[in-house]
Amino acid sequence: MRKILTLKDGWQFAKGRDAARESVTLPHTWNAADGQDGGNDYYRGTCWYFRELAETGTAGERQFLELNGAAHTCEVFLNGEKLGHHEGGYSTFRVELTGKRTGRDLLEISVSNEDSDRVYPQKADFTFYGGLYREVRLISVPAEHFELVRDGTPGIRVTPAVDLEKHTAAVTVETWQNAGSVTMTVNGESRTVPSVDGHAQTEFLIENVHLWDGVEDPYLYTAEARLESGDEISARFGCRVFRCDPEKGFFLNGRSYPLRGVSRHQDRKGKGNALSKEDHEADMAIIREIGANTLRLAHYQHAQAFYDLCDENGIVVWAEIPYITMHMPGGRDNTLSQMRELITQCCNHPSIAVWGLSNEITAASAVSEELLENHRLLNDLCHRMDKTRLTTMADVFMLETDSPILEIPDINSYNLYFGWYLGEMEQTDEFFDEYHARYPDRVIGFSEYGADANPAFHSSHPEKGDYTEEYQALYHEHMLRMIEERPYLWATHVWNLFDFAADGRDEGGKHGENQKGLVTFDRLLRKDAFYLYKAAWNRKEPFVHLCGKRYINRCEEETEIKVYSNQPHVRLFVDGTFVGEADGKTVFRFRIPLMGEHLVEAFAGDAHDTICIRRVSEPDESYIFNKAAASVANWFDAEEIDPACFSIMDTLGEIRQHPRAGAVVDQMMARGAAERGDVANAVKDNPALQRMMGRMTMISLLKQGGADEQSIKQLNRILQGIRK
């Protein structure tokens, strides 16, 4: 009989083996506060966890310690003896304690999130929390037992092969153990299978198979395995068929099934990545509310409990390793071991459709033969270990579409931020149209897109870079239309569902946060853009949403009232008086005179929503993030500019052609990149990025970067002193 004990309490924590200790409970991270407050100064080092092990097993049993998440490098000691070493902060690993126990033992675990030249991730736009942030468990098994150590294996692997025409599934079940035979059971059928060299395998045929059919019907079977010693394991699985078409996108069980969803980081305000089961369940409830049918679980292996929730809720998953931003010559083995653990530990989850090789890996690294070879090895490893799933990559928007790296995975996706970091929203449409026309036989998706929004900032005339809730909504309205017009996109993933910690960031009125989420970091506030997607994707729950609940004080004579709804007809009332109605889809717009304080109500079928707004004489400055950027256009309308000299109205490329003028803007832009964190600073010299930026005017770049009025004027004065 297998016994499992979760070691939640009784831990001591210290920032050093001999440092002062404090009592903690698991899960735990030491960066819950300093990893979220900005400044890029959160503690990265080696910390220690201590616990007395009084729990003993039965004679003849073997005992293992299971660590489900130790970020990022970990060593385990028992009574001073080193028992294990692990590199990779997101996967399960185990060490054996058998024969090492004395009855009352001291368990010491060192965990490090410090800089490394071989363990990923090292450069990325999120906080690298340190700690034992998932469960630590003590597992006792009989002498004859299923495998526990190799790559953190669950000991059982289930591979269903579905015949849609015959309505059958041939289910291969494999187990690994140190016993002579295994009794396996699937769908009520049992058989005893011999173990050969520690491996047992058989196939079951399920007639009239009940398919795992996405959010509508995520049906799960269970495979069980038992040894004569009493050790038992099981795995849930689903029978489904995935495929991708370069013209029609994603197919589930033989029918077109467009994947439209979001991405998720595993952290939360005030907790870091030390999440509870209830936290995971709350996140899934929000995912179901928005109506997403796919998740990109970025940028690492997530908790098994969360993959389980995806299985249960029919969410199609992109799973990946943290091979991100910057290729490290010494990190090849770590990418392979993290991928091997990801596939070994997650292969039974029917929700997972693709294995992600890397994310934006060419952002701070050139496409070299070494980088290509690393990806080929990863791709081959995925296909060798799992012949049932496709491989993919998230390509940085600066990556040229003829790059040889795009030919390595089975399918690709691009991370594009036109309309936020660079360029205009329409360039996204142009990019995909050009790509699809040039490569009609390639499968392409949209793996990241988004715009930061601080719910405190608002505008009736939103612009790129103003961090308003209104611009984020406009941005996503455009992207939603763009996606709906291009059914060949195999999957699209909003970046991100939730705001998340990026301690190197200091922008948009928040310290240490990436604010591209549709929901705030604490999960308490859904931004307007959240309801846009809910209106487009959630067809089960009739609802109507009035945008601008936080934009109360408005100074215009006439204001726009925007409504999102999944219903086809919306009626609008102001102060109890009917003022208009509209038929349409998702987005409904009305204009009303603004004379005082008003109660605005929207009705769509049985759904109802209200907001209160008022007319004020002057703009509410608390709604404006960058007051200089808000007024700079008017200032330059009246300012006399000498066209014979450089100014901020010139493009970056034109200015850089002059050595003196170029040096001035390069110095200013280097400071701006540093404020956006490590990643922005690392990628600022990317040649493709520089070409894109070279086509933009300095005024556009300055407004996007949030430069203050004094800096804008000072730069223009300097440039006006340099003749072309």
# chains A, B, ... in the order shown; residues from 1 in each chain; ligands from 1
$ select_by_dssp --residues "stretch 478-606 of chain A" --states "strand (DSSP E or B)" --output "VMD selection string"
chain A and resid 491 to 494 498 500 to 507 510 to 514 519 526 544 to 546 553 to 554 558 to 565 569 to 574 577 to 583 586 to 593 597 to 604
$ residues_around --residues "A:Leu372" --least-positions-apart "5" --cutoff "9 Å" --atoms "only C-alpha atoms" --output "ChimeraX atom specification"
/A:367,377,404-405,408
$ write_last_selection --atoms "all heavy atoms" --output "compact mmCIF listing (two decimals), in the first residue's frame"
# COMPACT_ATOMS: atom_id res chain seq x y z
N VAL A 367 20.42 34.15 -34.40
CA VAL A 367 20.12 32.80 -34.89
C VAL A 367 21.43 32.18 -35.37
O VAL A 367 21.87 32.40 -36.50
CB VAL A 367 19.08 32.84 -36.02
CG1 VAL A 367 18.81 31.42 -36.52
CG2 VAL A 367 17.78 33.47 -35.52
N LEU A 377 17.52 19.41 -31.40
CA LEU A 377 17.59 18.36 -30.38
C LEU A 377 16.32 18.32 -29.55
O LEU A 377 15.80 17.24 -29.21
CB LEU A 377 18.81 18.59 -29.48
CG LEU A 377 20.18 18.36 -30.13
CD1 LEU A 377 21.29 18.84 -29.21
CD2 LEU A 377 20.37 16.89 -30.47
N PRO A 404 15.67 30.23 -40.63
CA PRO A 404 15.65 28.76 -40.63
C PRO A 404 15.09 28.16 -39.35
O PRO A 404 14.67 26.99 -39.35
CB PRO A 404 17.13 28.39 -40.82
CG PRO A 404 17.90 29.59 -40.39
CD PRO A 404 17.05 30.77 -40.76
N ILE A 405 15.03 28.92 -38.28
CA ILE A 405 14.51 28.36 -37.03
C ILE A 405 13.02 28.05 -37.14
O ILE A 405 12.50 27.15 -36.47
CB ILE A 405 14.78 29.33 -35.84
CG1 ILE A 405 14.69 28.55 -34.52
CG2 ILE A 405 13.84 30.53 -35.85
CD1 ILE A 405 15.18 29.34 -33.32
N ILE A 408 11.96 24.35 -37.93
CA ILE A 408 12.24 23.24 -37.00
C ILE A 408 10.98 22.67 -36.37
O ILE A 408 10.74 21.46 -36.46
CB ILE A 408 13.28 23.68 -35.94
CG1 ILE A 408 14.63 23.97 -36.63
CG2 ILE A 408 13.44 22.60 -34.88
CD1 ILE A 408 15.68 24.53 -35.70
$ closest_residue --among "A:Arg44, A:Glu289, A:Thr392, A:Met669" --to "A:Arg526" --atoms "only C-alpha atoms"
A:Glu289
$ closest_residue --among "A:Ser413, A:Gln63, A:Thr222, A:Thr492" --to "A:Thr294" --atoms "only C-alpha atoms"
A:Thr492
$ atom_distance --atom1 "atom CA of A:Ala292" --atom2 "atom CA of A:Ala451"
18.7 Å
$ residues_around --residues "A:Thr127" --least-positions-apart "2" --cutoff "10 Å" --atoms "only C-alpha atoms" --output "NGL selection string"
:A and (31-32 or 34-36 or 38 or 40 or 42 or 123-125 or 129-130 or 267 or 272-273 or 500-504 or 512-513)
$ write_last_selection --atoms "N, CA, C and O atoms" --output "short mmCIF file (atom, residue, chain, number, x, y, z; two decimals), in the first residue's frame"
data_model
loop_
_atom_site.label_atom_id
_atom_site.label_comp_id
_atom_site.auth_asym_id
_atom_site.auth_seq_id
_atom_site.Cartn_x
_atom_site.Cartn_y
_atom_site.Cartn_z
N ASN A 31 10.22 35.61 -2.11
CA ASN A 31 10.10 36.81 -2.93
C ASN A 31 8.66 37.31 -3.07
O ASN A 31 8.35 38.08 -3.98
N ALA A 32 7.77 36.89 -2.16
CA ALA A 32 6.37 37.28 -2.28
C ALA A 32 6.19 38.79 -2.21
O ALA A 32 5.29 39.35 -2.83
N ASP A 34 9.28 41.31 -2.10
CA ASP A 34 10.30 42.05 -2.84
C ASP A 34 10.34 41.69 -4.32
O ASP A 34 10.92 42.42 -5.12
N GLY A 35 9.68 40.61 -4.72
CA GLY A 35 9.63 40.25 -6.13
C GLY A 35 8.52 40.94 -6.90
O GLY A 35 8.37 40.73 -8.10
N GLN A 36 7.77 41.80 -6.18
CA GLN A 36 6.62 42.45 -6.80
C GLN A 36 6.60 43.96 -6.61
O GLN A 36 5.65 44.62 -7.04
N GLY A 38 9.02 46.28 -7.60
CA GLY A 38 9.81 47.08 -8.52
C GLY A 38 11.24 47.26 -8.04
O GLY A 38 11.62 46.88 -6.93
N ASN A 40 13.84 45.88 -9.39
CA ASN A 40 14.68 44.76 -9.85
C ASN A 40 15.75 44.40 -8.82
O ASN A 40 16.89 44.06 -9.16
N TYR A 42 14.98 42.24 -6.05
CA TYR A 42 14.49 41.16 -5.20
C TYR A 42 15.62 40.16 -4.91
O TYR A 42 16.56 40.03 -5.69
N LYS A 123 16.81 35.23 -18.24
CA LYS A 123 16.46 36.55 -18.76
C LYS A 123 15.03 36.47 -19.26
O LYS A 123 14.74 35.80 -20.25
N ALA A 124 14.12 37.14 -18.58
CA ALA A 124 12.71 37.09 -18.97
C ALA A 124 11.96 38.20 -18.27
O ALA A 124 12.42 38.74 -17.25
N ASP A 125 10.78 38.52 -18.80
CA ASP A 125 9.97 39.61 -18.28
C ASP A 125 9.02 39.10 -17.21
O ASP A 125 7.81 39.30 -17.28
N TYR A 129 10.83 33.83 -8.84
CA TYR A 129 10.65 33.56 -7.42
C TYR A 129 11.50 32.37 -6.98
O TYR A 129 11.59 31.36 -7.67
N GLY A 130 12.07 32.47 -5.79
CA GLY A 130 12.78 31.35 -5.20
C GLY A 130 11.94 30.70 -4.12
O GLY A 130 11.09 31.35 -3.51
N ASP A 267 1.65 33.28 -10.77
CA ASP A 267 1.82 34.04 -9.52
C ASP A 267 0.59 34.88 -9.20
O ASP A 267 -0.31 35.05 -10.01
N GLY A 272 3.23 35.60 -4.55
CA GLY A 272 4.21 35.11 -5.51
C GLY A 272 3.67 33.88 -6.20
O GLY A 272 2.50 33.82 -6.58
N ASN A 273 4.53 32.87 -6.37
CA ASN A 273 4.07 31.64 -7.03
C ASN A 273 3.74 30.53 -6.03
O ASN A 273 3.52 29.38 -6.44
N PHE A 500 0.93 40.41 -13.79
CA PHE A 500 1.88 39.53 -13.10
C PHE A 500 3.13 40.32 -12.72
O PHE A 500 3.36 41.42 -13.23
N ALA A 501 3.93 39.72 -11.85
CA ALA A 501 5.11 40.40 -11.34
C ALA A 501 6.25 40.35 -12.35
O ALA A 501 6.58 39.30 -12.88
N ALA A 502 6.83 41.53 -12.60
CA ALA A 502 8.06 41.67 -13.37
C ALA A 502 8.84 42.75 -12.64
O ALA A 502 8.67 43.95 -12.91
N ASP A 503 9.64 42.34 -11.68
CA ASP A 503 10.21 43.29 -10.73
C ASP A 503 11.10 44.33 -11.38
O ASP A 503 11.35 45.38 -10.80
N GLY A 504 11.56 44.07 -12.60
CA GLY A 504 12.39 45.05 -13.30
C GLY A 504 11.60 46.17 -13.92
O GLY A 504 12.17 47.16 -14.38
N GLY A 512 7.00 47.18 -10.56
CA GLY A 512 7.20 45.74 -10.51
C GLY A 512 6.08 44.91 -11.09
O GLY A 512 5.98 43.71 -10.77
N GLU A 513 5.25 45.48 -11.97
CA GLU A 513 4.15 44.72 -12.56
C GLU A 513 4.10 44.90 -14.07
O GLU A 513 4.32 45.99 -14.58
#
$ closest_residue --among "A:Gln304, A:Thr610, A:Thr697, A:Ser181" --to "A:Asn348" --atoms "only C-alpha atoms"
A:Gln304
$ atom_distance --atom1 "atom CA of A:Leu399" --atom2 "atom CA of A:Gly330"
23.1 Å
$ closest_residue --among "A:Cys239, A:Leu148, A:Leu599, A:Leu422" --to "A:Phe573" --atoms "only C-alpha atoms"
A:Leu599
$ decode --residues "stretch 148-160 of chain A" --atoms "all heavy atoms" --output "PDB file, in the first residue's frame"
ATOM      1  N   LEU A 148       9.691   5.731  -9.281  1.00  0.00           N
ATOM      2  CA  LEU A 148       9.434   7.044  -8.704  1.00  0.00           C
ATOM      3  C   LEU A 148      10.494   8.090  -9.055  1.00  0.00           C
ATOM      4  O   LEU A 148      10.203   9.284  -9.053  1.00  0.00           O
ATOM      5  CB  LEU A 148       9.344   6.934  -7.177  1.00  0.00           C
ATOM      6  CG  LEU A 148       8.028   6.381  -6.618  1.00  0.00           C
ATOM      7  CD1 LEU A 148       8.229   5.880  -5.199  1.00  0.00           C
ATOM      8  CD2 LEU A 148       6.955   7.452  -6.668  1.00  0.00           C
ATOM      9  N   VAL A 149      11.703   7.669  -9.344  1.00  0.00           N
ATOM     10  CA  VAL A 149      12.809   8.621  -9.416  1.00  0.00           C
ATOM     11  C   VAL A 149      13.035   9.188 -10.812  1.00  0.00           C
ATOM     12  O   VAL A 149      13.193  10.408 -10.975  1.00  0.00           O
ATOM     13  CB  VAL A 149      14.110   7.969  -8.885  1.00  0.00           C
ATOM     14  CG1 VAL A 149      15.298   8.906  -9.103  1.00  0.00           C
ATOM     15  CG2 VAL A 149      13.965   7.633  -7.407  1.00  0.00           C
ATOM     16  N   ARG A 150      13.060   8.367 -11.828  1.00  0.00           N
ATOM     17  CA  ARG A 150      13.509   8.797 -13.149  1.00  0.00           C
ATOM     18  C   ARG A 150      12.636   9.926 -13.717  1.00  0.00           C
ATOM     19  O   ARG A 150      11.477   9.757 -14.045  1.00  0.00           O
ATOM     20  CB  ARG A 150      13.507   7.606 -14.111  1.00  0.00           C
ATOM     21  CG  ARG A 150      14.114   7.915 -15.482  1.00  0.00           C
ATOM     22  CD  ARG A 150      14.209   6.670 -16.327  1.00  0.00           C
ATOM     23  NE  ARG A 150      12.904   6.043 -16.492  1.00  0.00           N
ATOM     24  CZ  ARG A 150      12.724   4.779 -16.846  1.00  0.00           C
ATOM     25  NH1 ARG A 150      13.746   3.975 -17.028  1.00  0.00           N
ATOM     26  NH2 ARG A 150      11.496   4.295 -16.996  1.00  0.00           N
ATOM     27  N   ASP A 151      13.209  11.110 -13.827  1.00  0.00           N
ATOM     28  CA  ASP A 151      12.551  12.293 -14.392  1.00  0.00           C
ATOM     29  C   ASP A 151      11.230  12.623 -13.702  1.00  0.00           C
ATOM     30  O   ASP A 151      10.321  13.197 -14.310  1.00  0.00           O
ATOM     31  CB  ASP A 151      12.313  12.123 -15.904  1.00  0.00           C
ATOM     32  CG  ASP A 151      13.616  12.076 -16.683  1.00  0.00           C
ATOM     33  OD1 ASP A 151      14.575  12.740 -16.265  1.00  0.00           O
ATOM     34  OD2 ASP A 151      13.673  11.364 -17.707  1.00  0.00           O
ATOM     35  N   GLY A 152      11.115  12.252 -12.429  1.00  0.00           N
ATOM     36  CA  GLY A 152       9.896  12.559 -11.688  1.00  0.00           C
ATOM     37  C   GLY A 152       8.668  11.870 -12.240  1.00  0.00           C
ATOM     38  O   GLY A 152       7.548  12.373 -12.129  1.00  0.00           O
ATOM     39  N   THR A 153       8.847  10.704 -12.796  1.00  0.00           N
ATOM     40  CA  THR A 153       7.776  10.002 -13.509  1.00  0.00           C
ATOM     41  C   THR A 153       6.578   9.689 -12.617  1.00  0.00           C
ATOM     42  O   THR A 153       6.746   9.389 -11.429  1.00  0.00           O
ATOM     43  CB  THR A 153       8.316   8.690 -14.113  1.00  0.00           C
ATOM     44  OG1 THR A 153       7.249   7.986 -14.740  1.00  0.00           O
ATOM     45  CG2 THR A 153       8.920   7.801 -13.032  1.00  0.00           C
ATOM     46  N   PRO A 154       5.368   9.702 -13.193  1.00  0.00           N
ATOM     47  CA  PRO A 154       4.210   9.189 -12.446  1.00  0.00           C
ATOM     48  C   PRO A 154       4.165   7.671 -12.424  1.00  0.00           C
ATOM     49  O   PRO A 154       3.320   7.084 -11.755  1.00  0.00           O
ATOM     50  CB  PRO A 154       3.013   9.759 -13.225  1.00  0.00           C
ATOM     51  CG  PRO A 154       3.517   9.933 -14.615  1.00  0.00           C
ATOM     52  CD  PRO A 154       4.976  10.314 -14.477  1.00  0.00           C
ATOM     53  N   GLY A 155       5.068   7.008 -13.183  1.00  0.00           N
ATOM     54  CA  GLY A 155       5.144   5.558 -13.196  1.00  0.00           C
ATOM     55  C   GLY A 155       4.235   4.892 -14.196  1.00  0.00           C
ATOM     56  O   GLY A 155       4.359   3.690 -14.453  1.00  0.00           O
ATOM     57  N   ILE A 156       3.310   5.641 -14.785  1.00  0.00           N
ATOM     58  CA  ILE A 156       2.347   5.084 -15.738  1.00  0.00           C
ATOM     59  C   ILE A 156       2.174   6.065 -16.891  1.00  0.00           C
ATOM     60  O   ILE A 156       2.186   7.287 -16.697  1.00  0.00           O
ATOM     61  CB  ILE A 156       0.990   4.805 -15.044  1.00  0.00           C
ATOM     62  CG1 ILE A 156       0.007   4.156 -16.020  1.00  0.00           C
ATOM     63  CG2 ILE A 156       0.408   6.066 -14.426  1.00  0.00           C
ATOM     64  CD1 ILE A 156      -1.264   3.644 -15.345  1.00  0.00           C
ATOM     65  N   ARG A 157       2.032   5.494 -18.080  1.00  0.00           N
ATOM     66  CA  ARG A 157       1.808   6.322 -19.262  1.00  0.00           C
ATOM     67  C   ARG A 157       0.671   5.706 -20.069  1.00  0.00           C
ATOM     68  O   ARG A 157       0.653   4.496 -20.323  1.00  0.00           O
ATOM     69  CB  ARG A 157       3.060   6.409 -20.117  1.00  0.00           C
ATOM     70  CG  ARG A 157       2.837   7.185 -21.410  1.00  0.00           C
ATOM     71  CD  ARG A 157       4.114   7.491 -22.119  1.00  0.00           C
ATOM     72  NE  ARG A 157       3.854   8.246 -23.337  1.00  0.00           N
ATOM     73  CZ  ARG A 157       4.718   9.079 -23.892  1.00  0.00           C
ATOM     74  NH1 ARG A 157       5.896   9.261 -23.347  1.00  0.00           N
ATOM     75  NH2 ARG A 157       4.401   9.716 -25.002  1.00  0.00           N
ATOM     76  N   VAL A 158      -0.275   6.568 -20.472  1.00  0.00           N
ATOM     77  CA  VAL A 158      -1.446   6.124 -21.222  1.00  0.00           C
ATOM     78  C   VAL A 158      -1.477   6.870 -22.553  1.00  0.00           C
ATOM     79  O   VAL A 158      -1.458   8.103 -22.578  1.00  0.00           O
ATOM     80  CB  VAL A 158      -2.744   6.384 -20.446  1.00  0.00           C
ATOM     81  CG1 VAL A 158      -3.928   5.778 -21.187  1.00  0.00           C
ATOM     82  CG2 VAL A 158      -2.646   5.833 -19.034  1.00  0.00           C
ATOM     83  N   THR A 159      -1.532   6.115 -23.655  1.00  0.00           N
ATOM     84  CA  THR A 159      -1.530   6.719 -24.989  1.00  0.00           C
ATOM     85  C   THR A 159      -2.723   6.206 -25.776  1.00  0.00           C
ATOM     86  O   THR A 159      -2.728   5.071 -26.272  1.00  0.00           O
ATOM     87  CB  THR A 159      -0.231   6.372 -25.746  1.00  0.00           C
ATOM     88  OG1 THR A 159       0.897   6.706 -24.939  1.00  0.00           O
ATOM     89  CG2 THR A 159      -0.155   7.139 -27.062  1.00  0.00           C
ATOM     90  N   PRO A 160      -3.781   7.009 -25.904  1.00  0.00           N
ATOM     91  CA  PRO A 160      -4.943   6.579 -26.681  1.00  0.00           C
ATOM     92  C   PRO A 160      -4.791   6.934 -28.159  1.00  0.00           C
ATOM     93  O   PRO A 160      -4.285   8.007 -28.507  1.00  0.00           O
ATOM     94  CB  PRO A 160      -6.098   7.362 -26.050  1.00  0.00           C
ATOM     95  CG  PRO A 160      -5.461   8.560 -25.448  1.00  0.00           C
ATOM     96  CD  PRO A 160      -4.017   8.264 -25.187  1.00  0.00           C
TER      97      PRO A 160
END
